[in-house]
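What follows is a set of notes on a single structure, which appears directly below.
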There are 4 protein chains.
Amino acid sequence: MKALSFNGPGKYSWQDKANPQLQYPTDVIVRISRTTICGTDLHILKGDVPTVEAGRTLGHEGVGVIVEKGQAVANFGVGDRVLISCITSCGRCDYCRRQMYSHCKDGGWILGHRIDGTQAEYVRIPYADTSLYLAPQGIDEEALVMLSDIFPTGFECGVLNGAVKPGDAVAIVGAGPIGLASLITARLYSPTMTIMVDVDEQRLTISKQFGASHTVNSQSSNPVELIMQLTQGVGVDVAMEAVGIPDTFDICQQVVAPGGHVANIGVHGKPVSLRLDKLWDRNVTITTRLVDTFTTPMLLKAVVSGAIDPKKIVTHRFELNEMLKAYDTFGHAAREHALKVVLRNEQ
Amino acid sequence: MKALSFNGPGKYSWQDKANPQLQYPTDVIVRISRTTICGTDLHILKGDVPTVEAGRTLGHEGVGVIVEKGQAVANFGVGDRVLISCITSCGRCDYCRRQMYSHCKDGGWILGHRIDGTQAEYVRIPYADTSLYLAPQGIDEEALVMLSDIFPTGFECGVLNGAVKPGDAVAIVGAGPIGLASLITARLYSPTMTIMVDVDEQRLTISKQFGASHTVNSQSSNPVELIMQLTQGVGVDVAMEAVGIPDTFDICQQVVAPGGHVANIGVHGKPVSLRLDKLWDRNVTITTRLVDTFTTPMLLKAVVSGAIDPKKIVTHRFELNEMLKAYDTFGHAAREHALKVVLRNEQ
Amino acid sequence: MKALSFNGPGKYSWQDKANPQLQYPTDVIVRISRTTICGTDLHILKGDVPTVEAGRTLGHEGVGVIVEKGQAVANFGVGDRVLISCITSCGRCDYCRRQMYSHCKDGGWILGHRIDGTQAEYVRIPYADTSLYLAPQGIDEEALVMLSDIFPTGFECGVLNGAVKPGDAVAIVGAGPIGLASLITARLYSPTMTIMVDVDEQRLTISKQFGASHTVNSQSSNPVELIMQLTQGVGVDVAMEAVGIPDTFDICQQVVAPGGHVANIGVHGKPVSLRLDKLWDRNVTITTRLVDTFTTPMLLKAVVSGAIDPKKIVTHRFELNEMLKAYDTFGHAAREHALKVVLRNEQ
Amino acid sequence: MKALSFNGPGKYSWQDKANPQLQYPTDVIVRISRTTICGTDLHILKGDVPTVEAGRTLGHEGVGVIVEKGQAVANFGVGDRVLISCITSCGRCDYCRRQMYSHCKDGGWILGHRIDGTQAEYVRIPYADTSLYLAPQGIDEEALVMLSDIFPTGFECGVLNGAVKPGDAVAIVGAGPIGLASLITARLYSPTMTIMVDVDEQRLTISKQFGASHTVNSQSSNPVELIMQLTQGVGVDVAMEAVGIPDTFDICQQVVAPGGHVANIGVHGKPVSLRLDKLWDRNVTITTRLVDTFTTPMLLKAVVSGAIDPKKIVTHRFELNEMLKAYDTFGHAAREHALKVVLRNEQ
């Protein structure tokens, strides 16, 4: 089969590989019909994620059909169309038993990281019973593949950790795919003010289309001042960090209202300065989280009912064989006006 | 009357002042029978709290008897023995309506800060109906005065914000009065491991007497290593910062388990480094808080029932007129083996 | 002034009464510009609420302008346009301090009950600071008057007590004004299935217009069977009782899923049979509540932002002087296709 | 092997049976070293639980050693000493994924009910990885066997569902093993008043020894009146029903304070009358629950740390071969002053 192989920092190719085989009775093999590329994949290519070894097939998002299953798999059968979670969950360790699948002792984020991933024709999925979801009838697979990672990430790390509730003022710093998924899912709780902050005007325009009540260009204006003005000097109930650098975290901690929440979503490469001298008496809550994907069943219902439409984050489509072209597009997201790219592999 | 007057950085005296007068119909005048000194008072004396003006009577903790009341005071009468909360609450602003009295728009921490405080023979208490508590019959006033500030602070900022629950492993960094109040009130939730961290062996010995399961001297050992060993490499469910400096915050963020809480209690004078590069995927919650004292009614019940005994934190007693001596003792807490000092003013 | 006077069971009139006077420094006098009639008022007229004495002016909902204020009122001034809460809150008793204003020791539901109410040209409002809300600029007063009682009631007793969350299946038994307010506010949490149950086809039609995903006529069909079918035999996450009789409660307890909530909103005149023999092992939660109106500030924001539009529940409008005609219409709601009637008193 | 066989209503024997065999790769076979008898077993013997077929081995509580394991079992090995949960959890159905193991689609309460149970020399345990707990070193097995059912039941159905918190007044109606387990685990949250209600003076005496602050004999006095007096007319924050009949539920609903909780623990055979006419406006929460045993890991920690001592509920000990004698003793609990009986099977 063909697969996107990471061959060491800066090197990758769309190459032939042996088809994956069942290794454990809880495994299944999925033939990929849709996959996508994550910002994390770009980091891996640069060599920023040293736990990824050369030769690894990348990708932790996907939709497909089960073509082979281990003897111990009970929830699924061959031929079932499934959504692959970016988080593998054994279902039996302490963390899995309390819905913190991200820290599963034999799983967590392993696809396209510690084991071969979904940017391929076939993928082996360990612990299938607790790591896959049956695709609802009639749902567009493009919508589904957005539920492998970015929608649960925005919802769990941003919206649930941020404790968004009706009437809230919410600021989301970073209007990339994750920030937009956070916006779309925040709206499930009917906040009355949703302020998107980014340096890219086009993304701010899209934010408006996706329902943001306000947008702030943090390059051409002072975002802290603007947000404080918009909130009559009080600040926001929830500030979400969806970039992963000190500057954007700093905006969040400066605009959070007394009693408010800072929900970190971004992947950070270095420490940030936490202004405890200002915040110690402000009754704020700061959270971090790797997505657990425990809300995937709810998000599937929200897609089926039309409450959310994840597909609108998809800007570019490719055939699976155009993987390198897709990487090029996604790797130049600003130039290409790209949010999420989807790769299709029709039978 | 006599009062402890802050007369500018480094200057203070126990001097004659005019008796306080009722200013608003919601005020009462309380004759102080017990008061105490807080670490914050020492900071004020040094000039660290610029919002305190010269001439201010210090003190935000106290117990006494109402000697005069405004017309609009309904909950209390002259002659009532009352506990004074360190937080003044108007009861009618947005913050007070959601139990966040610390941020009361016309109150909060004002006693001994923006208005004259409790280290005096008499004190004016604004918004008496919502800022005082009737002293239960038969309770020692020394226990009560510990409920003005340090017990609600330890309980709300440390225990409630830290979400301590039965079975938890808890580390408290700082075994001063606040850290010990946190330990005592954490035990209301039956954690199974309580690790006290301090540089002072005597305070660690006291911690053991107060029920700590383990103690760690952070000067003579590596507290992070030790706590990780004690918790089989997992870390603690709750880490409380009860000092207020970057080093102690750093211990907390290094020993918190995935899914755990860092509850900041300390007053910080400068930013800290937050290791988001390590923590972004650890599902942790970090909280800050100025005490709201909304749990004072519960703490009063816990004292009456014997569930907690705040009095045991009192190490030194003085007559009110010995205020300067009391400051000297408290100001040299390590030398004097002092935790809390109580000043008495019997009729 | 004119007022609607309850003169004993079955007797009432729109008659001259003395204008209300300030009695306490925390009172204000409001000139009513909008009021409405509640189902409870009809119960009072029948003599079902023995705590209402003959001679009482009815009405606990209203919007108006402050024309006189007591000395201790701080939050409002003469000329302010205000929303009157159906619940009076002293702000200083134990219940008010924990946001349970419904059980205020000197308030709760007293307007048009224990003291004269809002179906009059003027009304005295006790504890104005903590029982009134400033009307936002530019909001239609008809929308506002719906926030005196029915919207917070539907939201707090139904939606919050029912713990509605995104993706939930919700059944609301009773599609009168309260049931519809529950539907509208439930949608703030994005449930994916909302089933309205009533015996009146017209109200079911309106329910659809207000966003119900399904309607069930409980007269012409078996509602329990239908709801179980709609939910694939599982039942609903939340069942709200918005009528107040044993039969409707019974529907709720039969359709609630394991782990689900039954939120009682209705006013009940007799006990119901609770099927503990079926429910003891179903992990269900049943709640009751008199509205606290602690969510009124949030609901005001939701109206301002357009997240909810309470005005659409108003079906009939009258001049204040047409009070008796309005009672006749509201008293024959089915015949008149009436939901809420609004009485206006323009200056 | 020998096993306690239910042979139809009123008939049972301690008889020879074939040893259990592994049926699925997720099964283990446990050699029982400790088991006990539950009130439910007595109900089964009477024929009250029609889902139990003749020929069934009873018992859903036990401790023992794994003697054989299926290929798919990962958490345990042969020779491991384990605590058997009364609830079997597959770990992969919707209910298990949200910690509601009681409603597991292929598990729940099946031991000694739908499959053969623990009152035997050997038992087959399905889904071992998610239905067993490793016995901590050095813990008395008598304490452990109390954690199979009654301690998680009292804790989850009574204490957690009742939302017991520090300072609460708690009434527990029924001082049998479950009521006492509820009392012991309620004390983990430091309520300040714990009132035990029973008709048996001896059980009330034991309640006092186990830390109850008050006891009420509901036969020789009016429990509702007494509890209201003890709580100054307010009622209790939490009332737990630990019997399972209408009269005891009625006590609970009459003594619950506004804003309080009624936590049903008892197994009910018929409906009860719910006084909604009194309760509709009292802001109360009523819960039901079959134990999920999701708190077993926490309870194990509490036993290890000494925070609870479940062993003190054991009043009688027998050899496993004395099963019929043990049933006789437990079946005449009042006469025998029996709480829990333990059957031992030493190697």
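Residues in the structure tokens are numbered from 1 in each chain, the chains being A, B, ... in the order shown, and ligands are numbered from 1 in the order shown.
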
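For chain B, the residues within 6 Å of chain A are B:His268, B:Gly269, B:Lys270, B:Pro271, B:Val272, B:Ser273, B:Leu274, B:Arg275, B:Leu276, B:Asp277, B:Trp280, B:Asp281, B:Arg282, B:Asn283, B:Val284, B:Thr285, B:Ile286, B:Thr287, B:Thr288, B:Arg289, B:Leu290, with only C-alpha atoms used to measure distance.
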
DSSP on the backbone, strand (DSSP E or B) only: what residues of region 13-201 of chain C does that give? Format it as an MDAnalysis selection string.
chainID C and resid 13:16 28:36 56:57 62:69 81:84 88 108 111 115 120 122:125 132:134 169:173 193:198

Please save C-alpha atoms of the selected residues as a PDB file, in the first residue's frame.
ATOM      1  CA  SER C  13     -62.614  43.466  40.620  1.00  0.00           C
ATOM      2  CA  TRP C  14     -60.648  46.199  38.882  1.00  0.00           C
ATOM      3  CA  GLN C  15     -61.118  48.861  41.486  1.00  0.00           C
ATOM      4  CA  ASP C  16     -59.802  52.031  43.061  1.00  0.00           C
ATOM      5  CA  VAL C  28     -39.192  51.657  45.988  1.00  0.00           C
ATOM      6  CA  ILE C  29     -42.484  52.534  44.333  1.00  0.00           C
ATOM      7  CA  VAL C  30     -42.731  51.487  40.687  1.00  0.00           C
ATOM      8  CA  ARG C  31     -45.225  52.833  38.183  1.00  0.00           C
ATOM      9  CA  ILE C  32     -46.204  49.764  36.169  1.00  0.00           C
ATOM     10  CA  SER C  33     -45.845  50.003  32.395  1.00  0.00           C
ATOM     11  CA  ARG C  34     -46.259  46.298  31.590  1.00  0.00           C
ATOM     12  CA  THR C  35     -47.724  43.460  33.568  1.00  0.00           C
ATOM     13  CA  THR C  36     -49.193  40.059  32.825  1.00  0.00           C
ATOM     14  CA  ARG C  56     -54.973  41.673  48.046  1.00  0.00           C
ATOM     15  CA  THR C  57     -53.845  43.223  44.758  1.00  0.00           C
ATOM     16  CA  GLY C  62     -44.061  43.527  35.788  1.00  0.00           C
ATOM     17  CA  VAL C  63     -41.910  46.193  34.228  1.00  0.00           C
ATOM     18  CA  GLY C  64     -42.064  49.857  35.114  1.00  0.00           C
ATOM     19  CA  VAL C  65     -40.352  53.017  36.194  1.00  0.00           C
ATOM     20  CA  ILE C  66     -39.238  53.898  39.708  1.00  0.00           C
ATOM     21  CA  VAL C  67     -41.133  56.963  40.933  1.00  0.00           C
ATOM     22  CA  GLU C  68     -40.003  57.000  44.553  1.00  0.00           C
ATOM     23  CA  LYS C  69     -37.215  55.329  46.481  1.00  0.00           C
ATOM     24  CA  ARG C  81     -36.814  51.512  34.134  1.00  0.00           C
ATOM     25  CA  VAL C  82     -36.788  48.181  35.924  1.00  0.00           C
ATOM     26  CA  LEU C  83     -37.771  44.565  35.623  1.00  0.00           C
ATOM     27  CA  ILE C  84     -39.586  43.285  38.712  1.00  0.00           C
ATOM     28  CA  THR C  88     -38.304  39.215  46.533  1.00  0.00           C
ATOM     29  CA  GLY C 108     -39.621  34.785  48.331  1.00  0.00           C
ATOM     30  CA  LEU C 111     -45.865  39.978  45.518  1.00  0.00           C
ATOM     31  CA  ILE C 115     -48.293  41.887  49.873  1.00  0.00           C
ATOM     32  CA  ALA C 120     -52.069  47.897  39.373  1.00  0.00           C
ATOM     33  CA  TYR C 122     -48.269  51.360  41.142  1.00  0.00           C
ATOM     34  CA  VAL C 123     -46.590  48.779  43.287  1.00  0.00           C
ATOM     35  CA  ARG C 124     -44.310  48.878  46.302  1.00  0.00           C
ATOM     36  CA  ILE C 125     -41.236  46.699  45.838  1.00  0.00           C
ATOM     37  CA  LEU C 132     -35.176  44.502  40.680  1.00  0.00           C
ATOM     38  CA  TYR C 133     -33.082  44.528  37.518  1.00  0.00           C
ATOM     39  CA  LEU C 134     -32.275  47.527  35.396  1.00  0.00           C
ATOM     40  CA  ALA C 169     -32.953  14.111  24.350  1.00  0.00           C
ATOM     41  CA  VAL C 170     -35.458  16.241  26.278  1.00  0.00           C
ATOM     42  CA  ALA C 171     -39.190  15.733  26.777  1.00  0.00           C
ATOM     43  CA  ILE C 172     -41.311  18.561  28.135  1.00  0.00           C
ATOM     44  CA  VAL C 173     -44.771  17.548  29.292  1.00  0.00           C
ATOM     45  CA  MET C 193     -34.055  16.075  20.514  1.00  0.00           C
ATOM     46  CA  THR C 194     -36.836  18.154  22.088  1.00  0.00           C
ATOM     47  CA  ILE C 195     -40.186  16.431  22.420  1.00  0.00           C
ATOM     48  CA  MET C 196     -43.170  18.539  23.461  1.00  0.00           C
ATOM     49  CA  VAL C 197     -46.169  16.728  24.946  1.00  0.00           C
ATOM     50  CA  ASP C 198     -49.608  18.303  25.299  1.00  0.00           C
TER      51      ASP C 198
END

Pick out the closest residue to Thr118 (chain B) from this set: B:Ile308, B:Val216, B:Leu320, B:Cys93. Count only C-alpha atoms.
B:Leu320

Between CA of Leu147 (chain D) and CA of Leu343 (chain D), distance in Å (one decimal):
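According to the coordinates, CA of Leu147 (chain D) and CA of Leu343 (chain D) are separated by 14.8 Å.
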
If you count only C-alpha atoms, which residues fall within 12 Å of region 2-12 of chain B, apart from same-chain ones fewer than 4 positions away, as a PyMOL selection string?
chain B and resi 16-20+31-32+35-37+41-60+112-123+320-328+345

What are the DSSP helix (DSSP H, G or I) residues of region 49-259 of chain B, as an mmCIF file with N, CA and C atoms, in the first residue's frame?
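Output file part_35.cif is given in full below:
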data_model
loop_
_atom_site.group_PDB
_atom_site.id
_atom_site.type_symbol
_atom_site.label_atom_id
_atom_site.label_comp_id
_atom_site.auth_asym_id
_atom_site.auth_seq_id
_atom_site.Cartn_x
_atom_site.Cartn_y
_atom_site.Cartn_z
ATOM 1 N N ASP B 94 -23.216 42.610 41.720
ATOM 2 C CA ASP B 94 -23.178 41.373 40.937
ATOM 3 C C ASP B 94 -22.290 40.317 41.592
ATOM 4 N N TYR B 95 -21.121 40.734 42.055
ATOM 5 C CA TYR B 95 -20.197 39.762 42.632
ATOM 6 C C TYR B 95 -20.768 39.157 43.914
ATOM 7 N N CYS B 96 -21.327 40.017 44.776
ATOM 8 C CA CYS B 96 -21.898 39.487 46.018
ATOM 9 C C CYS B 96 -23.056 38.537 45.721
ATOM 10 N N ARG B 97 -23.827 38.853 44.689
ATOM 11 C CA ARG B 97 -24.976 38.010 44.369
ATOM 12 C C ARG B 97 -24.546 36.624 43.903
ATOM 13 N N TYR B 101 -17.660 37.450 47.162
ATOM 14 C CA TYR B 101 -17.603 38.673 47.976
ATOM 15 C C TYR B 101 -16.247 39.346 47.892
ATOM 16 N N SER B 102 -15.220 38.578 47.589
ATOM 17 C CA SER B 102 -13.869 39.143 47.493
ATOM 18 C C SER B 102 -13.820 40.298 46.510
ATOM 19 N N HIS B 103 -14.686 40.266 45.514
ATOM 20 C CA HIS B 103 -14.668 41.297 44.491
ATOM 21 C C HIS B 103 -15.845 42.248 44.602
ATOM 22 N N ALA B 128 -22.827 45.585 57.819
ATOM 23 C CA ALA B 128 -22.735 44.625 58.920
ATOM 24 C C ALA B 128 -23.564 43.374 58.654
ATOM 25 N N ASP B 129 -24.754 43.546 58.093
ATOM 26 C CA ASP B 129 -25.636 42.382 57.894
ATOM 27 C C ASP B 129 -24.987 41.288 57.067
ATOM 28 N N THR B 130 -24.122 41.686 56.153
ATOM 29 C CA THR B 130 -23.539 40.704 55.248
ATOM 30 C C THR B 130 -22.022 40.559 55.415
ATOM 31 N N GLU B 141 -13.253 32.419 71.919
ATOM 32 C CA GLU B 141 -13.050 33.490 70.942
ATOM 33 C C GLU B 141 -11.736 33.352 70.188
ATOM 34 N N GLU B 142 -10.789 32.664 70.764
ATOM 35 C CA GLU B 142 -9.529 32.452 70.037
ATOM 36 C C GLU B 142 -9.748 31.596 68.802
ATOM 37 N N ALA B 143 -10.626 30.617 68.936
ATOM 38 C CA ALA B 143 -10.952 29.791 67.772
ATOM 39 C C ALA B 143 -11.645 30.658 66.727
ATOM 40 N N LEU B 144 -12.554 31.494 67.204
ATOM 41 C CA LEU B 144 -13.335 32.322 66.273
ATOM 42 C C LEU B 144 -12.468 33.258 65.446
ATOM 43 N N VAL B 145 -11.531 33.908 66.107
ATOM 44 C CA VAL B 145 -10.760 34.929 65.391
ATOM 45 C C VAL B 145 -9.918 34.283 64.276
ATOM 46 N N ILE B 150 -7.789 33.261 58.116
ATOM 47 C CA ILE B 150 -6.936 32.164 57.654
ATOM 48 C C ILE B 150 -7.675 30.855 57.401
ATOM 49 N N PHE B 151 -8.682 30.555 58.192
ATOM 50 C CA PHE B 151 -9.372 29.293 57.922
ATOM 51 C C PHE B 151 -10.200 29.353 56.637
ATOM 52 N N PRO B 152 -11.034 30.381 56.434
ATOM 53 C CA PRO B 152 -11.691 30.432 55.114
ATOM 54 C C PRO B 152 -10.684 30.527 53.961
ATOM 55 N N THR B 153 -9.567 31.200 54.165
ATOM 56 C CA THR B 153 -8.574 31.299 53.085
ATOM 57 C C THR B 153 -8.015 29.922 52.743
ATOM 58 N N GLY B 154 -7.574 29.206 53.760
ATOM 59 C CA GLY B 154 -7.042 27.869 53.497
ATOM 60 C C GLY B 154 -8.099 26.973 52.873
ATOM 61 N N PHE B 155 -9.308 27.085 53.381
ATOM 62 C CA PHE B 155 -10.366 26.193 52.915
ATOM 63 C C PHE B 155 -10.827 26.543 51.501
ATOM 64 N N GLU B 156 -11.078 27.820 51.236
ATOM 65 C CA GLU B 156 -11.619 28.189 49.923
ATOM 66 C C GLU B 156 -10.545 28.192 48.840
ATOM 67 N N CYS B 157 -9.428 28.861 49.124
ATOM 68 C CA CYS B 157 -8.390 29.005 48.097
ATOM 69 C C CYS B 157 -7.625 27.697 47.913
ATOM 70 N N GLY B 158 -7.464 26.953 49.001
ATOM 71 C CA GLY B 158 -6.689 25.722 48.908
ATOM 72 C C GLY B 158 -7.539 24.489 48.695
ATOM 73 N N VAL B 159 -8.467 24.250 49.621
ATOM 74 C CA VAL B 159 -9.173 22.971 49.637
ATOM 75 C C VAL B 159 -10.291 22.924 48.598
ATOM 76 N N LEU B 160 -11.139 23.957 48.573
ATOM 77 C CA LEU B 160 -12.237 23.950 47.597
ATOM 78 C C LEU B 160 -11.698 24.164 46.191
ATOM 79 N N PRO B 177 0.796 29.574 59.069
ATOM 80 C CA PRO B 177 -0.608 29.529 59.517
ATOM 81 C C PRO B 177 -1.582 29.161 58.405
ATOM 82 N N ILE B 178 -1.398 29.740 57.208
ATOM 83 C CA ILE B 178 -2.330 29.452 56.109
ATOM 84 C C ILE B 178 -2.176 28.015 55.626
ATOM 85 N N GLY B 179 -0.955 27.562 55.489
ATOM 86 C CA GLY B 179 -0.723 26.187 55.060
ATOM 87 C C GLY B 179 -1.309 25.205 56.073
ATOM 88 N N LEU B 180 -1.154 25.524 57.350
ATOM 89 C CA LEU B 180 -1.693 24.626 58.377
ATOM 90 C C LEU B 180 -3.225 24.668 58.395
ATOM 91 N N ALA B 181 -3.787 25.841 58.179
ATOM 92 C CA ALA B 181 -5.255 25.929 58.098
ATOM 93 C C ALA B 181 -5.751 25.138 56.883
ATOM 94 N N SER B 182 -4.961 25.144 55.827
ATOM 95 C CA SER B 182 -5.317 24.352 54.647
ATOM 96 C C SER B 182 -5.262 22.865 54.971
ATOM 97 N N LEU B 183 -4.238 22.473 55.691
ATOM 98 C CA LEU B 183 -4.104 21.064 56.086
ATOM 99 C C LEU B 183 -5.297 20.633 56.945
ATOM 100 N N ILE B 184 -5.597 21.442 57.944
ATOM 101 C CA ILE B 184 -6.685 21.077 58.875
ATOM 102 C C ILE B 184 -8.013 20.979 58.137
ATOM 103 N N THR B 185 -8.267 21.912 57.230
ATOM 104 C CA THR B 185 -9.565 21.899 56.533
ATOM 105 C C THR B 185 -9.565 20.901 55.370
ATOM 106 N N ALA B 186 -8.382 20.604 54.815
ATOM 107 C CA ALA B 186 -8.334 19.544 53.789
ATOM 108 C C ALA B 186 -8.795 18.230 54.392
ATOM 109 N N ARG B 187 -8.436 18.022 55.644
ATOM 110 C CA ARG B 187 -8.781 16.768 56.301
ATOM 111 C C ARG B 187 -10.294 16.592 56.476
ATOM 112 N N LEU B 188 -11.070 17.643 56.321
ATOM 113 C CA LEU B 188 -12.537 17.497 56.316
ATOM 114 C C LEU B 188 -12.994 16.609 55.159
ATOM 115 N N TYR B 189 -12.161 16.485 54.130
ATOM 116 C CA TYR B 189 -12.492 15.660 52.964
ATOM 117 C C TYR B 189 -11.746 14.328 52.935
ATOM 118 N N GLU B 201 11.938 23.053 60.274
ATOM 119 C CA GLU B 201 11.672 21.740 60.870
ATOM 120 C C GLU B 201 10.586 21.811 61.944
ATOM 121 N N GLN B 202 10.568 22.923 62.668
ATOM 122 C CA GLN B 202 9.592 23.009 63.748
ATOM 123 C C GLN B 202 8.165 23.027 63.180
ATOM 124 N N ARG B 203 8.000 23.739 62.082
ATOM 125 C CA ARG B 203 6.670 23.772 61.468
ATOM 126 C C ARG B 203 6.287 22.406 60.891
ATOM 127 N N LEU B 204 7.277 21.672 60.438
ATOM 128 C CA LEU B 204 6.990 20.325 59.933
ATOM 129 C C LEU B 204 6.580 19.402 61.083
ATOM 130 N N THR B 205 7.219 19.600 62.217
ATOM 131 C CA THR B 205 6.845 18.806 63.395
ATOM 132 C C THR B 205 5.401 19.110 63.795
ATOM 133 N N ILE B 206 5.072 20.389 63.785
ATOM 134 C CA ILE B 206 3.684 20.772 64.092
ATOM 135 C C ILE B 206 2.722 20.183 63.060
ATOM 136 N N SER B 207 3.127 20.196 61.807
ATOM 137 C CA SER B 207 2.288 19.628 60.743
ATOM 138 C C SER B 207 1.925 18.183 61.055
ATOM 139 N N LYS B 208 2.904 17.444 61.506
ATOM 140 C CA LYS B 208 2.648 16.046 61.866
ATOM 141 C C LYS B 208 1.609 15.978 62.987
ATOM 142 N N GLN B 209 1.768 16.858 63.972
ATOM 143 C CA GLN B 209 0.802 16.867 65.076
ATOM 144 C C GLN B 209 -0.598 17.211 64.579
ATOM 145 N N PRO B 223 12.401 18.433 47.161
ATOM 146 C CA PRO B 223 10.988 18.140 47.446
ATOM 147 C C PRO B 223 10.278 17.489 46.264
ATOM 148 N N VAL B 224 10.642 17.870 45.042
ATOM 149 C CA VAL B 224 9.976 17.286 43.873
ATOM 150 C C VAL B 224 10.267 15.793 43.802
ATOM 151 N N GLU B 225 11.531 15.454 43.940
ATOM 152 C CA GLU B 225 11.894 14.029 43.907
ATOM 153 C C GLU B 225 11.199 13.232 44.993
ATOM 154 N N LEU B 226 11.220 13.791 46.189
ATOM 155 C CA LEU B 226 10.632 13.064 47.318
ATOM 156 C C LEU B 226 9.130 12.845 47.130
ATOM 157 N N ILE B 227 8.447 13.882 46.667
ATOM 158 C CA ILE B 227 6.996 13.762 46.508
ATOM 159 C C ILE B 227 6.665 12.780 45.380
ATOM 160 N N MET B 228 7.465 12.802 44.339
ATOM 161 C CA MET B 228 7.229 11.843 43.252
ATOM 162 C C MET B 228 7.471 10.414 43.745
ATOM 163 N N GLN B 229 8.460 10.249 44.593
ATOM 164 C CA GLN B 229 8.691 8.913 45.164
ATOM 165 C C GLN B 229 7.513 8.474 46.032
ATOM 166 N N LEU B 230 7.073 9.382 46.878
ATOM 167 C CA LEU B 230 5.964 9.055 47.784
ATOM 168 C C LEU B 230 4.711 8.663 47.016
ATOM 169 N N PRO B 246 8.078 32.361 43.446
ATOM 170 C CA PRO B 246 8.205 31.489 42.271
ATOM 171 C C PRO B 246 8.681 30.072 42.607
ATOM 172 N N ASP B 247 9.612 29.934 43.536
ATOM 173 C CA ASP B 247 10.162 28.609 43.824
ATOM 174 C C ASP B 247 9.105 27.646 44.355
ATOM 175 N N THR B 248 8.253 28.132 45.193
ATOM 176 C CA THR B 248 7.253 27.248 45.784
ATOM 177 C C THR B 248 6.163 26.928 44.767
ATOM 178 N N PHE B 249 5.834 27.894 43.928
ATOM 179 C CA PHE B 249 4.894 27.593 42.846
ATOM 180 C C PHE B 249 5.487 26.524 41.931
ATOM 181 N N ASP B 250 6.792 26.639 41.710
ATOM 182 C CA ASP B 250 7.439 25.687 40.816
ATOM 183 C C ASP B 250 7.377 24.259 41.364
ATOM 184 N N ILE B 251 7.546 24.122 42.662
ATOM 185 C CA ILE B 251 7.398 22.779 43.248
ATOM 186 C C ILE B 251 6.004 22.239 42.914
ATOM 187 N N CYS B 252 5.007 23.072 43.104
ATOM 188 C CA CYS B 252 3.615 22.625 42.885
ATOM 189 C C CYS B 252 3.411 22.131 41.462
ATOM 190 N N GLN B 253 3.855 22.909 40.500
ATOM 191 C CA GLN B 253 3.589 22.521 39.113
ATOM 192 C C GLN B 253 4.386 21.292 38.693
ATOM 193 N N GLN B 254 5.445 20.993 39.436
ATOM 194 C CA GLN B 254 6.246 19.810 39.089
ATOM 195 C C GLN B 254 5.720 18.530 39.727
ATOM 196 N N VAL B 255 4.922 18.665 40.765
ATOM 197 C CA VAL B 255 4.480 17.449 41.464
ATOM 198 C C VAL B 255 3.011 17.132 41.232
#

Residue neighbourhood Thr26 (chain A), 6 Å, only C-alpha atoms, exclusion window fewer than 4 positions, as a list in words:
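My list of contacting residues is Gly70, Ala72, Val73 and Tyr127 of chain A.
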
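Straight-line separation from CA of Lys165 (chain D) to CA of His214 (chain D): 17.8 Å.
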